[in-house]
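Enquirer: The file below is query-v7.txt, compact mmCIF, C-alpha atoms:
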# COMPACT_ATOMS: atom_id res chain seq x y z
CA MET A 1 -12.81 -14.49 -19.39
CA LYS A 2 -10.50 -17.46 -19.02
CA SER A 3 -8.66 -17.89 -15.74
CA LYS A 4 -5.40 -18.46 -17.56
CA TRP A 5 -5.58 -15.03 -19.17
CA LEU A 6 -6.13 -13.38 -15.83
CA ALA A 7 -3.23 -15.37 -14.38
CA LEU A 8 -1.08 -14.43 -17.36
CA ILE A 9 -1.73 -10.71 -16.94
CA LEU A 10 -0.93 -10.93 -13.23
CA ALA A 11 2.25 -12.88 -14.00
CA LEU A 12 3.26 -10.19 -16.50
CA ILE A 13 2.71 -7.48 -13.89
CA LEU A 14 4.86 -9.47 -11.44
CA ALA A 15 7.59 -9.99 -14.03
CA ALA A 16 7.62 -6.35 -15.14
CA SER A 17 7.77 -5.13 -11.54
CA ALA A 18 10.55 -7.54 -10.64
CA ALA A 19 12.48 -6.46 -13.74
CA ALA A 20 12.03 -2.80 -12.84
CA LEU A 21 13.41 -3.50 -9.37
CA LEU A 22 16.35 -5.53 -10.65
CA LEU A 23 17.27 -3.10 -13.42
CA ALA A 24 17.08 -0.03 -11.20
CA PRO A 25 20.45 1.70 -10.89
CA LYS A 26 22.26 0.80 -7.70
CA ASN A 27 24.96 2.31 -5.53
CA GLY A 28 24.44 6.01 -5.49
CA SER A 29 26.65 8.29 -3.49
CA ARG A 30 24.59 11.44 -3.29
CA ALA A 31 21.77 11.61 -0.79
CA ARG A 32 19.09 14.23 -1.04
CA ILE A 33 16.79 14.88 1.88
CA TYR A 34 13.41 16.43 1.18
CA LYS A 35 11.09 17.96 3.74
CA ASP A 36 7.53 18.97 2.77
CA GLY A 37 8.38 18.48 -0.89
CA GLU A 38 11.31 20.90 -0.76
CA LEU A 39 14.99 20.01 -0.95
CA PHE A 40 16.34 20.16 2.60
CA CYS A 41 19.97 19.24 1.98
CA ILE A 42 22.32 17.24 -0.26
CA ILE A 43 24.94 14.96 1.26
CA ASP A 44 27.85 13.40 -0.58
CA LEU A 45 27.89 9.99 1.09
CA SER A 46 31.26 9.01 -0.34
CA GLY A 47 32.86 12.01 1.33
CA VAL A 48 31.72 11.20 4.86
CA SER A 49 34.64 10.38 7.15
CA GLU A 50 32.98 10.43 10.58
CA PRO A 51 29.37 9.30 11.03
CA TYR A 52 27.02 12.07 12.12
CA THR A 53 23.33 12.86 12.44
CA VAL A 54 21.16 15.52 10.86
CA GLU A 55 17.90 16.74 12.31
CA VAL A 56 15.18 17.27 9.73
CA GLY A 57 12.25 19.48 10.62
CA GLY A 58 12.34 18.71 14.34
CA GLY A 59 10.79 15.24 14.21
CA ASN A 60 13.24 13.17 12.22
CA ILE A 61 16.89 12.38 12.91
CA VAL A 62 18.90 11.08 9.97
CA ARG A 63 22.12 9.15 10.48
CA VAL A 64 24.82 9.53 7.87
CA GLU A 65 27.73 7.14 7.42
CA ARG A 66 30.22 6.64 4.64
CA GLY A 67 28.24 5.34 1.66
CA ARG A 68 24.95 4.91 3.45
CA ILE A 69 22.19 6.76 5.22
CA ARG A 70 19.25 5.88 7.43
CA MET A 71 16.46 7.34 9.51
CA GLU A 72 17.69 6.92 13.06
CA SER A 73 14.61 8.11 14.89
CA ALA A 74 11.31 9.75 14.14
CA ASP A 75 8.28 10.96 16.04
CA CYS A 76 5.81 9.65 13.46
CA PRO A 77 3.23 7.08 14.59
CA ASP A 78 4.23 4.14 12.38
CA ARG A 79 8.08 4.36 12.38
CA LEU A 80 8.13 2.78 8.94
CA CYS A 81 10.90 5.18 7.97
CA VAL A 82 13.12 3.95 10.82
CA ASN A 83 12.36 0.32 10.04
CA GLN A 84 13.39 0.83 6.43
CA GLY A 85 16.97 0.73 7.66
CA TRP A 86 20.03 1.76 5.69
CA SER A 87 19.86 2.93 2.12
CA SER A 88 22.73 3.22 -0.27
CA SER A 89 20.92 3.08 -3.59
CA SER A 90 18.12 4.70 -5.49
CA ALA A 91 16.31 1.36 -5.46
CA LYS A 92 15.54 2.06 -1.83
CA PRO A 93 14.23 5.51 -1.03
CA ILE A 94 13.42 6.16 2.60
CA VAL A 95 10.08 7.79 3.22
CA CYS A 96 8.37 9.12 6.30
CA LEU A 97 4.87 9.88 5.06
CA PRO A 98 3.39 11.36 8.26
CA ASN A 99 6.22 13.89 8.61
CA ARG A 100 6.63 14.33 4.87
CA VAL A 101 10.34 13.56 4.90
CA MET A 102 12.01 11.68 2.08
CA ILE A 103 15.59 10.56 1.46
CA ILE A 104 16.67 9.69 -2.06
CA VAL A 105 20.08 8.29 -2.91
CA ASP A 106 21.27 8.45 -6.47
CA GLY A 107 24.34 8.73 -8.67
CA GLY A 108 25.80 12.16 -8.15
CA SER A 109 29.54 12.63 -8.37
CA GLY A 110 31.83 9.70 -7.69
CA GLY A 111 29.23 7.07 -8.41
CA GLU A 112 31.64 4.14 -8.23
CA PRO A 113 31.48 2.30 -4.89
CA ASP A 114 35.07 2.86 -3.82
CA ALA A 115 35.53 6.41 -5.01
CA VAL A 116 37.19 8.74 -2.53
CA SER A 117 36.05 12.28 -3.10
CA ARG A 118 37.21 15.27 -1.20
CA MET B 1 -39.08 4.72 -3.13
CA ARG B 2 -38.92 1.07 -2.30
CA LEU B 3 -38.40 0.24 1.35
CA PRO B 4 -35.09 -1.55 1.86
CA ASN B 5 -35.19 -5.13 3.04
CA PRO B 6 -34.49 -5.17 6.80
CA ARG B 7 -32.65 -8.48 6.56
CA LYS B 8 -30.36 -6.95 4.02
CA ILE B 9 -29.74 -3.90 6.19
CA ALA B 10 -28.89 -6.15 9.12
CA ALA B 11 -26.60 -8.30 6.99
CA LEU B 12 -24.78 -5.26 5.58
CA ALA B 13 -24.38 -3.83 9.09
CA LEU B 14 -22.87 -7.14 10.19
CA LEU B 15 -20.52 -7.15 7.20
CA THR B 16 -19.46 -3.58 7.94
CA ALA B 17 -18.80 -4.46 11.57
CA ALA B 18 -16.78 -7.50 10.53
CA ALA B 19 -14.77 -5.41 8.06
CA LEU B 20 -14.03 -2.82 10.77
CA ILE B 21 -12.91 -5.45 13.26
CA ILE B 22 -10.61 -7.07 10.70
CA TYR B 23 -9.28 -3.64 9.68
CA ILE B 24 -8.49 -2.61 13.25
CA ALA B 25 -7.07 -6.01 14.23
CA GLU B 26 -4.80 -5.92 11.20
CA ALA B 27 -3.62 -2.41 12.06
CA GLN B 28 -2.23 -3.80 15.34
CA ILE B 29 0.08 -6.25 13.57
CA PRO B 30 3.56 -4.83 13.04
CA PRO B 31 4.31 -4.52 9.31
CA LEU B 32 6.46 -7.28 7.85
CA ILE B 33 7.93 -5.10 5.15
CA ALA B 34 8.84 -1.52 5.95
CA VAL B 35 7.41 0.00 2.83
CA PRO B 36 4.54 2.42 3.37
CA GLY B 37 1.35 0.99 1.92
CA VAL B 38 2.31 -2.68 1.96
CA LYS B 39 -0.24 -4.58 3.99
CA LEU B 40 -2.44 -7.62 3.75
CA GLY B 41 -5.73 -5.75 3.37
CA LEU B 42 -7.74 -8.59 4.86
CA SER B 43 -10.85 -6.46 5.27
CA ASN B 44 -11.15 -6.37 1.50
CA VAL B 45 -12.49 -9.92 1.87
CA ILE B 46 -15.66 -8.36 3.26
CA VAL B 47 -15.93 -5.75 0.52
CA LEU B 48 -15.53 -8.50 -2.09
CA THR B 49 -18.14 -10.58 -0.30
CA ALA B 50 -20.58 -7.67 -0.23
CA LEU B 51 -19.94 -7.06 -3.92
CA TYR B 52 -20.76 -10.63 -4.88
CA LEU B 53 -23.58 -11.18 -2.37
CA TYR B 54 -25.43 -7.95 -3.08
CA GLY B 55 -23.95 -5.62 -5.66
CA ARG B 56 -21.94 -2.52 -6.32
CA LYS B 57 -23.97 -0.03 -4.29
CA GLU B 58 -23.84 -2.24 -1.23
CA ALA B 59 -20.12 -2.93 -1.67
CA ALA B 60 -19.47 0.80 -2.05
CA ALA B 61 -21.40 1.49 1.16
CA VAL B 62 -19.47 -1.12 3.14
CA LEU B 63 -16.19 0.19 1.73
CA ALA B 64 -17.01 3.83 2.49
CA LEU B 65 -18.01 3.00 6.07
CA LYS B 66 -14.99 0.78 6.57
CA VAL B 67 -12.55 3.42 5.33
CA SER B 68 -14.08 6.39 7.14
CA LEU B 69 -14.79 4.67 10.47
CA GLY B 70 -11.72 2.44 10.27
CA SER B 71 -9.15 5.18 9.85
CA PHE B 72 -10.55 7.06 12.84
CA LEU B 73 -11.17 4.07 15.10
CA SER B 74 -7.68 2.73 14.49
CA GLY B 75 -6.28 6.09 15.59
CA GLN B 76 -4.72 6.95 12.26
CA PRO B 77 -6.95 9.57 10.66
CA SER B 78 -4.00 10.57 8.46
CA GLY B 79 -4.50 7.29 6.66
CA PHE B 80 -8.00 8.24 5.56
CA LEU B 81 -7.03 9.97 2.33
CA TYR B 82 -4.80 7.07 1.23
CA SER B 83 -7.44 4.44 1.93
CA ALA B 84 -10.25 6.53 0.43
CA VAL B 85 -8.54 7.07 -2.91
CA GLY B 86 -7.08 3.55 -2.96
CA GLY B 87 -10.41 2.03 -2.01
CA ALA B 88 -12.33 3.97 -4.64
CA LEU B 89 -9.89 2.89 -7.36
CA CYS B 90 -9.96 -0.67 -6.09
CA LEU B 91 -13.76 -0.81 -6.17
CA PHE B 92 -13.85 0.74 -9.63
CA VAL B 93 -11.46 -1.90 -11.01
CA MET B 94 -13.28 -4.75 -9.27
CA LEU B 95 -16.65 -3.57 -10.61
CA ALA B 96 -15.27 -3.43 -14.13
CA LEU B 97 -13.73 -6.90 -13.82
CA LYS B 98 -16.77 -8.45 -12.19
CA ARG B 99 -18.61 -8.30 -15.51
CA ALA B 100 -15.87 -10.30 -17.22
CA ALA B 101 -14.94 -12.70 -14.44
CA SER B 102 -17.01 -15.40 -12.80
CA GLU B 103 -17.17 -16.07 -9.10
CA LYS B 104 -14.50 -18.75 -9.52
CA GLN B 105 -12.14 -15.98 -10.60
CA LEU B 106 -12.59 -13.91 -7.49
CA TRP B 107 -8.90 -14.32 -6.70
CA ALA B 108 -8.00 -12.42 -9.87
CA VAL B 109 -10.64 -9.72 -9.36
CA SER B 110 -9.23 -9.23 -5.89
CA ALA B 111 -5.62 -9.11 -7.13
CA PHE B 112 -6.36 -6.42 -9.71
CA GLY B 113 -8.33 -4.54 -7.08
CA ALA B 114 -5.39 -4.71 -4.67
CA ILE B 115 -3.00 -3.42 -7.31
CA ALA B 116 -5.40 -0.53 -8.01
CA PHE B 117 -5.66 0.16 -4.28
CA ASN B 118 -1.88 0.34 -3.92
CA MET B 119 -1.47 2.56 -6.95
CA GLY B 120 -4.15 4.94 -5.70
CA GLN B 121 -2.41 5.10 -2.35
CA LEU B 122 0.90 5.74 -4.02
CA ALA B 123 -0.58 8.55 -6.09
CA VAL B 124 -1.89 10.23 -2.94
CA ALA B 125 1.49 9.73 -1.24
CA ALA B 126 3.27 11.30 -4.22
CA ALA B 127 0.87 14.25 -4.08
CA VAL B 128 1.28 14.64 -0.31
CA MET B 129 5.07 14.49 -0.52
CA GLY B 130 5.06 16.75 -3.56
CA SER B 131 7.42 14.44 -5.41
CA ASP B 132 7.15 11.91 -8.18
CA ARG B 133 10.29 10.20 -6.86
CA LEU B 134 8.00 8.08 -4.74
CA LEU B 135 7.04 6.21 -7.89
CA TRP B 136 10.13 4.10 -7.14
CA TYR B 137 7.74 2.22 -4.90
CA ALA B 138 5.36 1.33 -7.74
CA PRO B 139 6.99 -2.06 -8.56
CA VAL B 140 7.13 -3.08 -4.90
CA LEU B 141 3.51 -2.09 -4.41
CA ALA B 142 2.43 -3.90 -7.59
CA ILE B 143 4.11 -7.11 -6.45
CA SER B 144 2.62 -6.80 -2.98
CA GLY B 145 -0.79 -6.11 -4.54
CA VAL B 146 -0.69 -9.31 -6.58
CA ILE B 147 0.35 -11.44 -3.60
CA THR B 148 -1.99 -9.95 -0.98
CA GLY B 149 -4.80 -9.62 -3.52
CA VAL B 150 -4.72 -13.27 -4.55
CA PHE B 151 -4.60 -14.26 -0.88
CA THR B 152 -7.61 -12.17 0.15
CA GLY B 153 -9.43 -13.19 -3.05
CA VAL B 154 -9.02 -16.88 -2.27
CA LEU B 155 -10.28 -16.22 1.25
CA ALA B 156 -13.32 -14.39 -0.12
CA GLN B 157 -13.93 -17.30 -2.48
CA LEU B 158 -14.02 -19.61 0.55
CA VAL B 159 -16.18 -17.27 2.66
CA LEU B 160 -18.74 -16.42 -0.01
CA PRO B 161 -20.64 -19.74 -0.36
CA ARG B 162 -20.75 -20.19 3.42
CA LEU B 163 -22.06 -16.70 3.99
CA ARG B 164 -24.57 -17.08 1.21
CA LYS B 165 -25.87 -20.21 2.86
CA ALA B 166 -25.99 -18.53 6.27
CA LEU B 167 -27.91 -15.56 4.90
CA ASP B 168 -30.11 -17.92 2.90
CA GLY B 169 -33.21 -16.19 1.57
CA GLY B 170 -32.38 -12.86 3.16
CA GLY B 171 -29.73 -12.12 0.60
CA LYS B 172 -32.14 -11.27 -2.14
When written as structure tokens, how does the structure in this file appear?

Expert:
Amino acid sequence: MKSKWLALILALILAASAAALLLAPKNGSRARIYKDGELFCIIDLSGVSEPYTVEVGGGNIVRVERGRIRMESADCPDRLCVNQGWSSSSAKPIVCLPNRVMIIVDGGSGGEPDAVSR
Amino acid sequence: MRLPNPRKIAALALLTAAALIIYIAEAQIPPLIAVPGVKLGLSNVIVLTALYLYGRKEAAAVLALKVSLGSFLSGQPSGFLYSAVGGALCLFVMLALKRAASEKQLWAVSAFGAIAFNMGQLAVAAAVMGSDRLLWYAPVLAISGVITGVFTGVLAQLVLPRLRKALDGGGK
């Protein structure tokens, strides 16, 4: 097999992946927190007036602010979930594999960035 | 049954030890990108080397030992399932490609292997989390697979002739 074909296929994979990332819908306002594969709670991020924290399953503390959400602390060994920082779009789910906690942000109601929902 | 060549056994044991050391050393480096599953995978250099120096059985043995011993020695036994499935897929893809690609194309064999590894890992993660929403990570993991795979493949391409020379005669 020619090297250029191999390089071409790899380049196509890169391009397709980059396109998938760029075209992914952004700016959600509804956060869903899953624990052990089950829906733990739904938070309307656009309706948050005062920042607060939610404890998920004992080991993970989630911080909620207006329009964004993050894992504030976790007792998992790698802390990847904490290092993932803030998320405000579905392009960036936050996952804590060891504790099986997952935060997904997507459209929901009031999808526009400046919507005020009560 | 043919008695295995003792030089080969010794060489494979050395390769396995090298793979384990690389695996554990790499596990100490803080991740650059906070996405589960994104890592350099340097120890795959050794699996690739074993594959091209000896063959598929030997590469599979080094991989199996690296994954099983590595996940326990690095203190993260929870990572075993991810590495086992990812590694098996990676080896499968590299074996298939090895027939079509020459040794000069090791970088590509390695890149496809790394992509397969990442996808296998992702599939396990999705099963563990009980959600297909994790597939959001597929593009990120594919990109990281291409980059890290080409890097480790180029390294293996540099290591292979030197190791072959060092093991001269005993490699057969």

Enquirer: Considering only C-alpha atoms, extract the chain B residues located within 10 Å of chain A and return them as a PyMOL selection string.

Expert: chain B and resi 30-37+75-76+78-79+97+99-102+104-109+111-112+115+125-147+150

Enquirer: Write out as a list in words each polymer residue whose atoms come within 9 Å of B:Thr49, counting only C-alpha atoms; drop sequence neighbours fewer than 3 positions from it.

Expert: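 Selected residues are Leu15, Asn44, Val45, Ile46, Tyr52, Leu53, Tyr54, Ala59, Ala156, Gln157, Val159, Leu160 and Leu163 of chain B.
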
Enquirer: Restricted to C-alpha atoms, what would the selected residues look like written as an mmCIF file, keeping the file's coordinate frame?

Expert:
data_model
loop_
_atom_site.group_PDB
_atom_site.id
_atom_site.type_symbol
_atom_site.label_atom_id
_atom_site.label_comp_id
_atom_site.auth_asym_id
_atom_site.auth_seq_id
_atom_site.Cartn_x
_atom_site.Cartn_y
_atom_site.Cartn_z
ATOM 1 C CA LEU B 15 -20.520 -7.150 7.200
ATOM 2 C CA ASN B 44 -11.150 -6.370 1.500
ATOM 3 C CA VAL B 45 -12.490 -9.920 1.870
ATOM 4 C CA ILE B 46 -15.660 -8.360 3.260
ATOM 5 C CA TYR B 52 -20.760 -10.630 -4.880
ATOM 6 C CA LEU B 53 -23.580 -11.180 -2.370
ATOM 7 C CA TYR B 54 -25.430 -7.950 -3.080
ATOM 8 C CA ALA B 59 -20.120 -2.930 -1.670
ATOM 9 C CA ALA B 156 -13.320 -14.390 -0.120
ATOM 10 C CA GLN B 157 -13.930 -17.300 -2.480
ATOM 11 C CA VAL B 159 -16.180 -17.270 2.660
ATOM 12 C CA LEU B 160 -18.740 -16.420 -0.010
ATOM 13 C CA LEU B 163 -22.060 -16.700 3.990
#

Enquirer: Between atom CA of A:Leu22 and atom CA of A:Gly47, what is the spacing in Å?

Expert: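 Those two atoms sit 26.9 Å apart.
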
Enquirer: Using all atoms listed in the file, which of B:Gly70, B:Gly87, B:Gly120, B:Pro161 sits nearest B:Ile21?

Expert: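 The answer is B:Gly70, which sits nearest to B:Ile21.
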
Enquirer: Which one is closest to B:Met119: B:Leu65, B:Thr152, B:Val85, B:Leu95? Count all atoms listed in the file.

Expert: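 Closest to B:Met119 of all the choices is B:Val85.
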
Enquirer: Rank nothing, just name the residue among A:Leu12, A:Leu39, A:Cys76, A:Val48 nearest to A:Val64, using all atoms listed in the file.

Expert: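 Residue with the minimum atom-to-atom distance to A:Val64: A:Val48.
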
Enquirer: Taking into account all atoms listed in the file, which residue in the set B:Leu81, B:Ala13, B:Leu155, B:Leu167 is nearest to B:Ala61?

Expert: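 Distance minimum relative to B:Ala61 lands on B:Ala13.
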
Enquirer: How many Å separate atom CA of B:Leu3 from atom CA of B:Leu63?

Expert: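 About the pair atom CA of B:Leu3 and atom CA of B:Leu63: they are 22.2 Å apart.
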
Enquirer: Any idea what the distance is between atom CA of B:Ala19 and atom CA of B:Leu42?

Expert: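 A separation of 8.4 Å between them.
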
Enquirer: List as an MDAnalysis selection string the protein and nucleic acid residues near A:Ser89, meaning an atom at most 7 Å away when all atoms listed in the file are counted, but skip any in the same chain fewer than 4 places from it.

Expert: chainID A and resid 26:28 105:106

Enquirer: Of the candidates B:Leu20, B:Ala64, B:Ala10, B:Leu122, which one gets nearest to B:Ala84 if we count only C-alpha atoms?

Expert: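 Using only C-alpha atoms, B:Ala84 sits closest to B:Ala64.
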